[in-house]
$ cat target-v4.tsv   # TSV, N, CA and C atoms
chain	number	residue	atom	x	y	z
A	1	MET	N	14.68	21.16	-11.28
A	1	MET	CA	15.57	20.15	-10.74
A	1	MET	C	15.74	19.06	-11.79
A	2	ASP	N	16.97	18.57	-11.91
A	2	ASP	CA	17.14	17.46	-12.83
A	2	ASP	C	16.79	16.16	-12.12
A	3	ILE	N	16.69	15.09	-12.90
A	3	ILE	CA	16.22	13.82	-12.38
A	3	ILE	C	17.11	13.29	-11.26
A	4	ALA	N	18.41	13.56	-11.34
A	4	ALA	CA	19.33	13.10	-10.29
A	4	ALA	C	19.02	13.78	-8.96
A	5	GLU	N	18.71	15.06	-9.00
A	5	GLU	CA	18.36	15.80	-7.78
A	5	GLU	C	17.03	15.31	-7.21
A	6	VAL	N	16.06	15.08	-8.08
A	6	VAL	CA	14.76	14.55	-7.62
A	6	VAL	C	14.97	13.18	-6.98
A	7	ALA	N	15.78	12.34	-7.61
A	7	ALA	CA	16.06	11.01	-7.06
A	7	ALA	C	16.72	11.13	-5.69
A	8	LYS	N	17.66	12.01	-5.58
A	8	LYS	CA	18.37	12.20	-4.30
A	8	LYS	C	17.42	12.70	-3.22
A	9	ARG	N	16.62	13.70	-3.54
A	9	ARG	CA	15.74	14.30	-2.53
A	9	ARG	C	14.54	13.43	-2.18
A	10	SER	N	14.10	12.61	-3.13
A	10	SER	CA	12.92	11.76	-2.87
A	10	SER	C	13.32	10.38	-2.34
A	11	GLY	N	14.57	10.00	-2.57
A	11	GLY	CA	15.00	8.67	-2.17
A	11	GLY	C	14.60	7.58	-3.14
A	12	LEU	N	14.05	7.97	-4.28
A	12	LEU	CA	13.62	7.00	-5.29
A	12	LEU	C	14.66	6.92	-6.41
A	13	PRO	N	14.89	5.75	-6.94
A	13	PRO	CA	15.82	5.65	-8.06
A	13	PRO	C	15.27	6.34	-9.31
A	14	ALA	N	16.15	6.78	-10.16
A	14	ALA	CA	15.74	7.45	-11.40
A	14	ALA	C	14.85	6.54	-12.24
A	15	SER	N	15.09	5.23	-12.20
A	15	SER	CA	14.26	4.30	-12.97
A	15	SER	C	12.80	4.36	-12.50
A	16	THR	N	12.59	4.51	-11.19
A	16	THR	CA	11.23	4.63	-10.66
A	16	THR	C	10.60	5.93	-11.13
A	17	LEU	N	11.37	7.00	-11.11
A	17	LEU	CA	10.85	8.29	-11.58
A	17	LEU	C	10.44	8.20	-13.05
A	18	ARG	N	11.27	7.56	-13.87
A	18	ARG	CA	10.92	7.39	-15.29
A	18	ARG	C	9.66	6.54	-15.43
A	19	TYR	N	9.54	5.50	-14.61
A	19	TYR	CA	8.34	4.64	-14.65
A	19	TYR	C	7.11	5.44	-14.24
A	20	TYR	N	7.20	6.21	-13.18
A	20	TYR	CA	6.07	7.04	-12.75
A	20	TYR	C	5.69	8.03	-13.84
A	21	GLU	N	6.69	8.55	-14.54
A	21	GLU	CA	6.39	9.47	-15.63
A	21	GLU	C	5.69	8.73	-16.77
A	22	GLU	N	6.15	7.53	-17.06
A	22	GLU	CA	5.51	6.71	-18.10
A	22	GLU	C	4.06	6.39	-17.74
A	23	LYS	N	3.78	6.16	-16.46
A	23	LYS	CA	2.42	5.88	-15.99
A	23	LYS	C	1.56	7.14	-15.91
A	24	GLY	N	2.16	8.32	-16.08
A	24	GLY	CA	1.41	9.56	-16.03
A	24	GLY	C	1.21	10.12	-14.63
A	25	LEU	N	1.95	9.59	-13.65
A	25	LEU	CA	1.81	10.07	-12.27
A	25	LEU	C	2.58	11.37	-12.04
A	26	ILE	N	3.68	11.53	-12.73
A	26	ILE	CA	4.47	12.77	-12.66
A	26	ILE	C	4.82	13.15	-14.09
A	27	ALA	N	5.29	14.37	-14.26
A	27	ALA	CA	5.68	14.82	-15.60
A	27	ALA	C	6.93	15.69	-15.50
A	28	SER	N	7.84	15.44	-16.41
A	28	SER	CA	9.01	16.32	-16.48
A	28	SER	C	8.58	17.59	-17.20
A	29	VAL	N	9.31	18.66	-16.94
A	29	VAL	CA	8.98	19.94	-17.57
A	29	VAL	C	9.94	20.27	-18.69
A	30	GLY	N	10.90	19.41	-18.91
A	30	GLY	CA	11.85	19.64	-19.99
A	30	GLY	C	13.07	18.76	-19.83
A	31	ARG	N	14.13	19.17	-20.52
A	31	ARG	CA	15.39	18.43	-20.45
A	31	ARG	C	16.54	19.40	-20.32
A	32	GLN	N	17.54	18.93	-19.62
A	32	GLN	CA	18.79	19.66	-19.51
A	32	GLN	C	19.84	18.70	-20.07
A	33	GLY	N	20.16	18.88	-21.34
A	33	GLY	CA	20.97	17.89	-22.02
A	33	GLY	C	20.12	16.64	-22.20
A	34	LEU	N	20.61	15.51	-21.72
A	34	LEU	CA	19.86	14.26	-21.81
A	34	LEU	C	19.02	13.98	-20.57
A	35	ARG	N	19.17	14.81	-19.55
A	35	ARG	CA	18.45	14.56	-18.28
A	35	ARG	C	17.11	15.28	-18.24
A	36	ARG	N	16.12	14.56	-17.74
A	36	ARG	CA	14.81	15.16	-17.53
A	36	ARG	C	14.92	16.18	-16.40
A	37	THR	N	14.10	17.22	-16.49
A	37	THR	CA	14.01	18.19	-15.40
A	37	THR	C	12.56	18.22	-14.90
A	38	PHE	N	12.44	18.52	-13.62
A	38	PHE	CA	11.13	18.52	-12.97
A	38	PHE	C	10.93	19.80	-12.18
A	39	ASP	N	9.68	20.19	-12.06
A	39	ASP	CA	9.30	21.30	-11.20
A	39	ASP	C	9.47	20.84	-9.75
A	40	PRO	N	9.87	21.73	-8.83
A	40	PRO	CA	10.03	21.32	-7.43
A	40	PRO	C	8.76	20.71	-6.81
A	41	GLY	N	7.59	21.03	-7.34
A	41	GLY	CA	6.34	20.46	-6.84
A	41	GLY	C	6.25	18.96	-7.02
A	42	VAL	N	7.13	18.39	-7.83
A	42	VAL	CA	7.12	16.95	-8.05
A	42	VAL	C	7.42	16.20	-6.75
A	43	LEU	N	8.16	16.83	-5.85
A	43	LEU	CA	8.49	16.17	-4.58
A	43	LEU	C	7.23	15.92	-3.75
A	44	GLU	N	6.31	16.87	-3.77
A	44	GLU	CA	5.04	16.66	-3.06
A	44	GLU	C	4.22	15.56	-3.73
A	45	GLN	N	4.22	15.54	-5.06
A	45	GLN	CA	3.51	14.48	-5.79
A	45	GLN	C	4.11	13.12	-5.42
A	46	LEU	N	5.43	13.04	-5.36
A	46	LEU	CA	6.08	11.78	-5.02
A	46	LEU	C	5.78	11.37	-3.58
A	47	ALA	N	5.67	12.35	-2.69
A	47	ALA	CA	5.31	12.04	-1.31
A	47	ALA	C	3.90	11.46	-1.25
A	48	LEU	N	2.98	12.03	-2.03
A	48	LEU	CA	1.60	11.50	-2.09
A	48	LEU	C	1.59	10.09	-2.67
A	49	ILE	N	2.39	9.87	-3.69
A	49	ILE	CA	2.47	8.53	-4.29
A	49	ILE	C	3.01	7.55	-3.26
A	50	SER	N	4.05	7.93	-2.53
A	50	SER	CA	4.62	7.05	-1.50
A	50	SER	C	3.60	6.75	-0.40
A	51	LEU	N	2.87	7.77	0.02
A	51	LEU	CA	1.83	7.57	1.04
A	51	LEU	C	0.76	6.63	0.52
A	52	GLY	N	0.34	6.83	-0.72
A	52	GLY	CA	-0.66	5.95	-1.32
A	52	GLY	C	-0.19	4.52	-1.41
A	53	ARG	N	1.06	4.32	-1.80
A	53	ARG	CA	1.62	2.97	-1.87
A	53	ARG	C	1.66	2.34	-0.48
A	54	ALA	N	2.08	3.12	0.52
A	54	ALA	CA	2.15	2.60	1.89
A	54	ALA	C	0.76	2.21	2.40
A	55	ALA	N	-0.27	2.90	1.94
A	55	ALA	CA	-1.64	2.60	2.36
A	55	ALA	C	-2.24	1.44	1.56
A	56	GLY	N	-1.51	0.97	0.55
A	56	GLY	CA	-1.98	-0.18	-0.21
A	56	GLY	C	-2.69	0.16	-1.51
A	57	PHE	N	-2.66	1.41	-1.93
A	57	PHE	CA	-3.26	1.77	-3.20
A	57	PHE	C	-2.37	1.31	-4.35
A	58	SER	N	-2.97	0.87	-5.44
A	58	SER	CA	-2.22	0.54	-6.64
A	58	SER	C	-1.80	1.84	-7.33
A	59	LEU	N	-0.86	1.73	-8.25
A	59	LEU	CA	-0.46	2.93	-8.99
A	59	LEU	C	-1.62	3.46	-9.83
A	60	ASP	N	-2.46	2.57	-10.34
A	60	ASP	CA	-3.62	3.04	-11.10
A	60	ASP	C	-4.59	3.80	-10.20
A	61	GLU	N	-4.80	3.31	-8.99
A	61	GLU	CA	-5.66	4.03	-8.04
A	61	GLU	C	-5.04	5.37	-7.68
A	62	ILE	N	-3.74	5.39	-7.48
A	62	ILE	CA	-3.05	6.65	-7.16
A	62	ILE	C	-3.19	7.62	-8.31
A	63	GLY	N	-3.11	7.12	-9.52
A	63	GLY	CA	-3.29	7.98	-10.70
A	63	GLY	C	-4.63	8.69	-10.69
A	64	GLN	N	-5.65	8.07	-10.12
A	64	GLN	CA	-6.99	8.67	-10.04
A	64	GLN	C	-7.04	9.78	-8.99
A	65	MET	N	-5.99	9.90	-8.19
A	65	MET	CA	-5.96	10.91	-7.13
A	65	MET	C	-5.40	12.24	-7.60
A	66	PHE	N	-5.08	12.32	-8.89
A	66	PHE	CA	-4.53	13.55	-9.45
A	66	PHE	C	-5.40	14.03	-10.60
A	67	THR	N	-5.51	15.34	-10.74
A	67	THR	CA	-6.19	15.93	-11.88
A	67	THR	C	-5.29	15.76	-13.11
A	68	PRO	N	-5.81	16.01	-14.31
A	68	PRO	CA	-4.96	15.89	-15.51
A	68	PRO	C	-3.68	16.74	-15.44
A	69	ASP	N	-3.74	17.86	-14.72
A	69	ASP	CA	-2.52	18.68	-14.57
A	69	ASP	C	-1.74	18.30	-13.31
A	70	ARG	N	-2.02	17.12	-12.78
A	70	ARG	CA	-1.30	16.48	-11.67
A	70	ARG	C	-1.41	17.18	-10.33
A	71	ARG	N	-2.53	17.84	-10.11
A	71	ARG	CA	-2.79	18.38	-8.77
A	71	ARG	C	-3.57	17.34	-7.99
A	72	PRO	N	-3.35	17.27	-6.68
A	72	PRO	CA	-4.08	16.28	-5.88
A	72	PRO	C	-5.59	16.54	-5.91
A	73	ASP	N	-6.34	15.48	-6.10
A	73	ASP	CA	-7.80	15.51	-6.08
A	73	ASP	C	-8.26	14.16	-5.55
A	74	ILE	N	-8.10	13.96	-4.25
A	74	ILE	CA	-8.34	12.67	-3.64
A	74	ILE	C	-9.79	12.58	-3.18
A	75	LYS	N	-10.49	11.59	-3.70
A	75	LYS	CA	-11.90	11.40	-3.36
A	75	LYS	C	-12.01	10.76	-1.98
A	76	ARG	N	-12.84	11.31	-1.15
A	76	ARG	CA	-13.02	10.81	0.22
A	76	ARG	C	-13.55	9.37	0.23
A	77	LYS	N	-14.40	9.03	-0.72
A	77	LYS	CA	-14.95	7.67	-0.82
A	77	LYS	C	-13.82	6.67	-1.03
A	78	MET	N	-12.87	7.03	-1.85
A	78	MET	CA	-11.73	6.15	-2.12
A	78	MET	C	-10.93	5.91	-0.84
A	79	LEU	N	-10.74	6.96	-0.06
A	79	LEU	CA	-10.03	6.84	1.21
A	79	LEU	C	-10.82	5.98	2.19
A	80	ASP	N	-12.12	6.19	2.25
A	80	ASP	CA	-12.97	5.43	3.16
A	80	ASP	C	-12.97	3.95	2.79
A	81	ASP	N	-13.06	3.65	1.49
A	81	ASP	CA	-13.04	2.26	1.04
A	81	ASP	C	-11.71	1.60	1.39
A	82	LYS	N	-10.60	2.31	1.22
A	82	LYS	CA	-9.29	1.73	1.54
A	82	LYS	C	-9.17	1.54	3.05
A	83	ALA	N	-9.70	2.46	3.84
A	83	ALA	CA	-9.67	2.30	5.30
A	83	ALA	C	-10.43	1.04	5.70
A	84	ASP	N	-11.56	0.76	5.03
A	84	ASP	CA	-12.31	-0.47	5.31
A	84	ASP	C	-11.46	-1.70	4.98
A	85	GLN	N	-10.75	-1.65	3.88
A	85	GLN	CA	-9.87	-2.77	3.50
A	85	GLN	C	-8.76	-2.96	4.53
A	86	VAL	N	-8.17	-1.87	4.98
A	86	VAL	CA	-7.11	-1.94	5.98
A	86	VAL	C	-7.66	-2.50	7.29
A	87	ASP	N	-8.85	-2.04	7.70
A	87	ASP	CA	-9.47	-2.56	8.92
A	87	ASP	C	-9.68	-4.07	8.83
A	88	SER	N	-10.15	-4.53	7.68
A	88	SER	CA	-10.35	-5.96	7.47
A	88	SER	C	-9.03	-6.72	7.57
A	89	MET	N	-7.99	-6.16	6.98
A	89	MET	CA	-6.68	-6.80	7.05
A	89	MET	C	-6.16	-6.85	8.48
A	90	VAL	N	-6.39	-5.79	9.23
A	90	VAL	CA	-5.96	-5.75	10.64
A	90	VAL	C	-6.68	-6.84	11.43
A	91	ARG	N	-7.99	-7.00	11.20
A	91	ARG	CA	-8.74	-8.05	11.89
A	91	ARG	C	-8.17	-9.43	11.57
A	92	ARG	N	-7.89	-9.66	10.29
A	92	ARG	CA	-7.32	-10.97	9.90
A	92	ARG	C	-5.96	-11.18	10.55
A	93	LEU	N	-5.13	-10.16	10.55
A	93	LEU	CA	-3.79	-10.29	11.14
A	93	LEU	C	-3.86	-10.49	12.65
A	94	ARG	N	-4.79	-9.82	13.32
A	94	ARG	CA	-4.96	-10.03	14.76
A	94	ARG	C	-5.39	-11.46	15.07
A	95	ALA	N	-6.33	-11.96	14.26
A	95	ALA	CA	-6.77	-13.35	14.45
A	95	ALA	C	-5.61	-14.30	14.24
A	96	MET	N	-4.82	-14.05	13.23
A	96	MET	CA	-3.67	-14.89	12.96
A	96	MET	C	-2.67	-14.83	14.10
A	97	SER	N	-2.42	-13.65	14.61
A	97	SER	CA	-1.48	-13.48	15.71
A	97	SER	C	-1.95	-14.24	16.95
A	98	ARG	N	-3.24	-14.06	17.28
A	98	ARG	CA	-3.78	-14.78	18.45
A	98	ARG	C	-3.68	-16.29	18.26
A	99	GLY	N	-4.00	-16.76	17.08
A	99	GLY	CA	-3.94	-18.19	16.81
A	99	GLY	C	-2.52	-18.73	16.91
A	100	LEU	N	-1.56	-18.00	16.38
A	100	LEU	CA	-0.17	-18.43	16.45
A	100	LEU	C	0.35	-18.41	17.88
A	101	ARG	N	-0.01	-17.38	18.63
A	101	ARG	CA	0.43	-17.31	20.03
A	101	ARG	C	-0.17	-18.45	20.85
A	102	HIS	N	-1.44	-18.73	20.57
A	102	HIS	CA	-2.08	-19.84	21.27
A	102	HIS	C	-1.38	-21.16	20.92
A	103	ALA	N	-1.14	-21.38	19.64
A	103	ALA	CA	-0.50	-22.62	19.20
A	103	ALA	C	0.88	-22.79	19.81
A	104	ALA	N	1.56	-21.69	20.05
A	104	ALA	CA	2.91	-21.75	20.63
A	104	ALA	C	2.89	-22.27	22.06
A	105	VAL	N	1.78	-22.10	22.78
A	105	VAL	CA	1.72	-22.53	24.19
A	105	VAL	C	0.61	-23.56	24.44
A	106	CYS	N	-0.05	-24.00	23.41
A	106	CYS	CA	-1.18	-24.92	23.56
A	106	CYS	C	-0.72	-26.24	24.20
A	107	PRO	N	-1.49	-26.75	25.18
A	107	PRO	CA	-1.13	-28.01	25.83
A	107	PRO	C	-1.47	-29.25	25.00
A	108	ALA	N	-2.14	-29.07	23.86
A	108	ALA	CA	-2.47	-30.23	23.02
A	108	ALA	C	-1.19	-30.93	22.59
A	109	PRO	N	-1.27	-32.24	22.34
A	109	PRO	CA	-0.06	-32.99	21.99
A	109	PRO	C	0.63	-32.48	20.71
A	110	ASN	N	-0.14	-31.92	19.80
A	110	ASN	CA	0.44	-31.27	18.61
A	110	ASN	C	-0.56	-30.24	18.09
A	111	HIS	N	-0.11	-29.42	17.19
A	111	HIS	CA	-0.96	-28.31	16.72
A	111	HIS	C	-2.23	-28.81	16.05
A	112	MET	N	-2.14	-29.91	15.33
A	112	MET	CA	-3.32	-30.41	14.64
A	112	MET	C	-4.37	-30.96	15.59
A	113	ALA	N	-3.97	-31.22	16.84
A	113	ALA	CA	-4.93	-31.69	17.85
A	113	ALA	C	-5.56	-30.53	18.62
A	114	CYS	N	-5.11	-29.33	18.37
A	114	CYS	CA	-5.62	-28.15	19.07
A	114	CYS	C	-6.86	-27.61	18.36
A	115	PRO	N	-8.02	-27.56	19.04
A	115	PRO	CA	-9.25	-27.06	18.41
A	115	PRO	C	-9.11	-25.62	17.91
A	116	SER	N	-8.42	-24.77	18.66
A	116	SER	CA	-8.26	-23.38	18.24
A	116	SER	C	-7.42	-23.29	16.97
A	117	PHE	N	-6.34	-24.06	16.92
A	117	PHE	CA	-5.49	-24.06	15.73
A	117	PHE	C	-6.26	-24.63	14.54
A	118	ARG	N	-7.06	-25.66	14.74
A	118	ARG	CA	-7.86	-26.25	13.66
A	118	ARG	C	-8.87	-25.23	13.13
A	119	ARG	N	-9.48	-24.46	14.05
A	119	ARG	CA	-10.43	-23.42	13.62
A	119	ARG	C	-9.71	-22.37	12.78
A	120	LEU	N	-8.54	-21.97	13.20
A	120	LEU	CA	-7.76	-20.98	12.45
A	120	LEU	C	-7.36	-21.55	11.10
A	121	LEU	N	-6.95	-22.80	11.06
A	121	LEU	CA	-6.56	-23.46	9.82
A	121	LEU	C	-7.74	-23.51	8.84
A	122	LYS	N	-8.90	-23.86	9.35
A	122	LYS	CA	-10.10	-23.92	8.50
A	122	LYS	C	-10.45	-22.52	7.97
A	123	ALA	N	-10.39	-21.53	8.84
A	123	ALA	CA	-10.72	-20.15	8.42
A	123	ALA	C	-9.74	-19.67	7.35
A	124	ALA	N	-8.49	-20.04	7.49
A	124	ALA	CA	-7.50	-19.64	6.48
A	124	ALA	C	-7.79	-20.32	5.15
A	125	SER	N	-8.21	-21.59	5.19
A	125	SER	CA	-8.43	-22.32	3.95
A	125	SER	C	-9.71	-21.89	3.25
A	126	ASP	N	-10.73	-21.48	4.00
A	126	ASP	CA	-11.98	-21.10	3.34
A	126	ASP	C	-12.19	-19.59	3.25
A	127	GLY	N	-11.17	-18.82	3.63
A	127	GLY	CA	-11.24	-17.37	3.46
A	127	GLY	C	-12.10	-16.65	4.46
A	128	THR	N	-12.31	-17.22	5.65
A	128	THR	CA	-13.18	-16.59	6.64
A	128	THR	C	-12.42	-16.14	7.88
A	129	LEU	N	-11.15	-15.77	7.73
A	129	LEU	CA	-10.39	-15.32	8.88
A	129	LEU	C	-11.06	-14.15	9.59
A	130	ASP	N	-11.75	-13.30	8.83
A	130	ASP	CA	-12.47	-12.18	9.46
A	130	ASP	C	-13.48	-12.68	10.48
A	131	SER	N	-14.13	-13.82	10.20
A	131	SER	CA	-15.17	-14.30	11.12
A	131	SER	C	-14.58	-14.83	12.42
A	132	VAL	N	-13.35	-15.32	12.40
A	132	VAL	CA	-12.74	-15.80	13.64
A	132	VAL	C	-11.99	-14.67	14.35
A	133	ALA	N	-11.90	-13.52	13.69
A	133	ALA	CA	-11.14	-12.40	14.28
A	133	ALA	C	-11.76	-11.92	15.57
A	134	GLY	N	-13.08	-12.04	15.70
A	134	GLY	CA	-13.73	-11.57	16.92
A	134	GLY	C	-13.68	-12.58	18.05
A	135	ARG	N	-13.35	-13.82	17.73
A	135	ARG	CA	-13.30	-14.87	18.76
A	135	ARG	C	-11.91	-14.96	19.37
A	136	ASN	N	-11.84	-15.43	20.55
A	136	ASN	CA	-10.53	-15.69	21.15
A	136	ASN	C	-10.03	-17.02	20.60
A	137	ALA	N	-8.75	-17.06	20.27
A	137	ALA	CA	-8.18	-18.31	19.75
A	137	ALA	C	-7.92	-19.26	20.91
$ encode --input "target-v4.tsv" --output "structure tokens"
Amino acid sequence: MDIAEVAKRSGLPASTLRYYEEKGLIASVGRQGLRRTFDPGVLEQLALISLGRAAGFSLDEIGQMFTPDRRPDIKRKMLDDKADQVDSMVRRLRAMSRGLRHAAVCPAPNHMACPSFRRLLKAASDGTLDSVAGRNA
């Protein structure tokens, strides 16, 4: 497949495909005139890269998920560590959501007078949102 076909089928612009090739995440198998050509298996590699990006992996981390010949070799520890990071982010976002919902209906004269909002504000400033995630706002 030429680069235009890969771009069409993957939904990624050709510039992204060239960048991924430069990073070593995918490889062209040749050229057809001036256009790069790719093995059809590149679509699966691109799907894995997209999944990794959606899960929050960096391109360098995604690069570690492939063997030198670009076959998937995903370490379970890497997945487990990322799941822990996602869980932590979910806890922080839930705490933030609860705090914002509370602030929207709080009977205090203003948000800065609300003890729950002040606790959330302090947690945000000192990086401890995870610790307030288990408490009700």
$ residues_near_point --input "target-v4.tsv" --point "(20.8, 17.1, -8.5)" --cutoff "12 Å" --atoms "only C-alpha atoms" --output "list in words"
Met1, Asp2, Ile3, Ala4, Glu5, Val6, Ala7, Lys8, Arg9, Ser10, Ala14, Gln32, Arg35, Arg36, Thr37, Phe38 and Pro40 of chain A
$ atom_distance --input "target-v4.tsv" --atom1 "atom CA of A:Gly99" --atom2 "atom CA of A:Arg119"
8.9 Å
$ residues_around --input "target-v4.tsv" --residues "A:Leu121" --least-positions-apart "3" --cutoff "12 Å" --atoms "only C-alpha atoms" --output "list in words"
Ala95, Met96, Gly99, Leu100, Ala103, His111, Met112, Ala113, Cys114, Pro115, Ser116, Phe117, Arg118, Ala124, Ser125, Asp126, Gly127, Thr128, Leu129, Val132 and Ala137 of chain A
$ select_by_dssp --input "target-v4.tsv" --residues "stretch 5-92 of chain A" --states "alpha helix (DSSP H)" --output "JSON, numbers by chain"
{"A": [5, 6, 7, 8, 9, 10, 14, 15, 16, 17, 18, 19, 20, 21, 22, 42, 43, 44, 45, 46, 47, 48, 49, 50, 51, 52, 53, 54, 59, 60, 61, 62, 63, 76, 77, 78, 79, 80, 81, 82, 83, 84, 85, 86, 87, 88, 89, 90, 91, 92]}
$ write_last_selection --input "target-v4.tsv" --atoms "N, CA and C atoms" --output "short mmCIF file (atom, residue, chain, number, x, y, z; two decimals), in the frame of the given file"
data_model
loop_
_atom_site.label_atom_id
_atom_site.label_comp_id
_atom_site.auth_asym_id
_atom_site.auth_seq_id
_atom_site.Cartn_x
_atom_site.Cartn_y
_atom_site.Cartn_z
N GLU A 5 18.71 15.06 -9.00
CA GLU A 5 18.36 15.80 -7.78
C GLU A 5 17.03 15.31 -7.21
N VAL A 6 16.06 15.08 -8.08
CA VAL A 6 14.76 14.55 -7.62
C VAL A 6 14.97 13.18 -6.98
N ALA A 7 15.78 12.34 -7.61
CA ALA A 7 16.06 11.01 -7.06
C ALA A 7 16.72 11.13 -5.69
N LYS A 8 17.66 12.01 -5.58
CA LYS A 8 18.37 12.20 -4.30
C LYS A 8 17.42 12.70 -3.22
N ARG A 9 16.62 13.70 -3.54
CA ARG A 9 15.74 14.30 -2.53
C ARG A 9 14.54 13.43 -2.18
N SER A 10 14.10 12.61 -3.13
CA SER A 10 12.92 11.76 -2.87
C SER A 10 13.32 10.38 -2.34
N ALA A 14 16.15 6.78 -10.16
CA ALA A 14 15.74 7.45 -11.40
C ALA A 14 14.85 6.54 -12.24
N SER A 15 15.09 5.23 -12.20
CA SER A 15 14.26 4.30 -12.97
C SER A 15 12.80 4.36 -12.50
N THR A 16 12.59 4.51 -11.19
CA THR A 16 11.23 4.63 -10.66
C THR A 16 10.60 5.93 -11.13
N LEU A 17 11.37 7.00 -11.11
CA LEU A 17 10.85 8.29 -11.58
C LEU A 17 10.44 8.20 -13.05
N ARG A 18 11.27 7.56 -13.87
CA ARG A 18 10.92 7.39 -15.29
C ARG A 18 9.66 6.54 -15.43
N TYR A 19 9.54 5.50 -14.61
CA TYR A 19 8.34 4.64 -14.65
C TYR A 19 7.11 5.44 -14.24
N TYR A 20 7.20 6.21 -13.18
CA TYR A 20 6.07 7.04 -12.75
C TYR A 20 5.69 8.03 -13.84
N GLU A 21 6.69 8.55 -14.54
CA GLU A 21 6.39 9.47 -15.63
C GLU A 21 5.69 8.73 -16.77
N GLU A 22 6.15 7.53 -17.06
CA GLU A 22 5.51 6.71 -18.10
C GLU A 22 4.06 6.39 -17.74
N VAL A 42 7.13 18.39 -7.83
CA VAL A 42 7.12 16.95 -8.05
C VAL A 42 7.42 16.20 -6.75
N LEU A 43 8.16 16.83 -5.85
CA LEU A 43 8.49 16.17 -4.58
C LEU A 43 7.23 15.92 -3.75
N GLU A 44 6.31 16.87 -3.77
CA GLU A 44 5.04 16.66 -3.06
C GLU A 44 4.22 15.56 -3.73
N GLN A 45 4.22 15.54 -5.06
CA GLN A 45 3.51 14.48 -5.79
C GLN A 45 4.11 13.12 -5.42
N LEU A 46 5.43 13.04 -5.36
CA LEU A 46 6.08 11.78 -5.02
C LEU A 46 5.78 11.37 -3.58
N ALA A 47 5.67 12.35 -2.69
CA ALA A 47 5.31 12.04 -1.31
C ALA A 47 3.90 11.46 -1.25
N LEU A 48 2.98 12.03 -2.03
CA LEU A 48 1.60 11.50 -2.09
C LEU A 48 1.59 10.09 -2.67
N ILE A 49 2.39 9.87 -3.69
CA ILE A 49 2.47 8.53 -4.29
C ILE A 49 3.01 7.55 -3.26
N SER A 50 4.05 7.93 -2.53
CA SER A 50 4.62 7.05 -1.50
C SER A 50 3.60 6.75 -0.40
N LEU A 51 2.87 7.77 0.02
CA LEU A 51 1.83 7.57 1.04
C LEU A 51 0.76 6.63 0.52
N GLY A 52 0.34 6.83 -0.72
CA GLY A 52 -0.66 5.95 -1.32
C GLY A 52 -0.19 4.52 -1.41
N ARG A 53 1.06 4.32 -1.80
CA ARG A 53 1.62 2.97 -1.87
C ARG A 53 1.66 2.34 -0.48
N ALA A 54 2.08 3.12 0.52
CA ALA A 54 2.15 2.60 1.89
C ALA A 54 0.76 2.21 2.40
N LEU A 59 -0.86 1.73 -8.25
CA LEU A 59 -0.46 2.93 -8.99
C LEU A 59 -1.62 3.46 -9.83
N ASP A 60 -2.46 2.57 -10.34
CA ASP A 60 -3.62 3.04 -11.10
C ASP A 60 -4.59 3.80 -10.20
N GLU A 61 -4.80 3.31 -8.99
CA GLU A 61 -5.66 4.03 -8.04
C GLU A 61 -5.04 5.37 -7.68
N ILE A 62 -3.74 5.39 -7.48
CA ILE A 62 -3.05 6.65 -7.16
C ILE A 62 -3.19 7.62 -8.31
N GLY A 63 -3.11 7.12 -9.52
CA GLY A 63 -3.29 7.98 -10.70
C GLY A 63 -4.63 8.69 -10.69
N ARG A 76 -12.84 11.31 -1.15
CA ARG A 76 -13.02 10.81 0.22
C ARG A 76 -13.55 9.37 0.23
N LYS A 77 -14.40 9.03 -0.72
CA LYS A 77 -14.95 7.67 -0.82
C LYS A 77 -13.82 6.67 -1.03
N MET A 78 -12.87 7.03 -1.85
CA MET A 78 -11.73 6.15 -2.12
C MET A 78 -10.93 5.91 -0.84
N LEU A 79 -10.74 6.96 -0.06
CA LEU A 79 -10.03 6.84 1.21
C LEU A 79 -10.82 5.98 2.19
N ASP A 80 -12.12 6.19 2.25
CA ASP A 80 -12.97 5.43 3.16
C ASP A 80 -12.97 3.95 2.79
N ASP A 81 -13.06 3.65 1.49
CA ASP A 81 -13.04 2.26 1.04
C ASP A 81 -11.71 1.60 1.39
N LYS A 82 -10.60 2.31 1.22
CA LYS A 82 -9.29 1.73 1.54
C LYS A 82 -9.17 1.54 3.05
N ALA A 83 -9.70 2.46 3.84
CA ALA A 83 -9.67 2.30 5.30
C ALA A 83 -10.43 1.04 5.70
N ASP A 84 -11.56 0.76 5.03
CA ASP A 84 -12.31 -0.47 5.31
C ASP A 84 -11.46 -1.70 4.98
N GLN A 85 -10.75 -1.65 3.88
CA GLN A 85 -9.87 -2.77 3.50
C GLN A 85 -8.76 -2.96 4.53
N VAL A 86 -8.17 -1.87 4.98
CA VAL A 86 -7.11 -1.94 5.98
C VAL A 86 -7.66 -2.50 7.29
N ASP A 87 -8.85 -2.04 7.70
CA ASP A 87 -9.47 -2.56 8.92
C ASP A 87 -9.68 -4.07 8.83
N SER A 88 -10.15 -4.53 7.68
CA SER A 88 -10.35 -5.96 7.47
C SER A 88 -9.03 -6.72 7.57
N MET A 89 -7.99 -6.16 6.98
CA MET A 89 -6.68 -6.80 7.05
C MET A 89 -6.16 -6.85 8.48
N VAL A 90 -6.39 -5.79 9.23
CA VAL A 90 -5.96 -5.75 10.64
C VAL A 90 -6.68 -6.84 11.43
N ARG A 91 -7.99 -7.00 11.20
CA ARG A 91 -8.74 -8.05 11.89
C ARG A 91 -8.17 -9.43 11.57
N ARG A 92 -7.89 -9.66 10.29
CA ARG A 92 -7.32 -10.97 9.90
C ARG A 92 -5.96 -11.18 10.55
#
$ atom_distance --input "target-v4.tsv" --atom1 "atom N of A:Gln64" --atom2 "atom N of A:Tyr19"
16.0 Å
$ decode --input "target-v4.tsv" --residues "stretch 51-59 of chain A" --atoms "C-alpha atoms" --output "compact mmCIF listing (two decimals), in the first residue's frame"
# COMPACT_ATOMS: atom_id res chain seq x y z
CA LEU A 51 -4.62 2.54 21.40
CA GLY A 52 -1.40 3.29 23.26
CA ARG A 53 -1.83 7.03 22.71
CA ALA A 54 -5.45 6.85 23.89
CA ALA A 55 -4.26 5.06 27.06
CA GLY A 56 -1.75 7.84 27.71
CA PHE A 57 1.47 6.14 26.63
CA SER A 58 4.16 8.36 25.11
CA LEU A 59 5.51 7.51 21.68
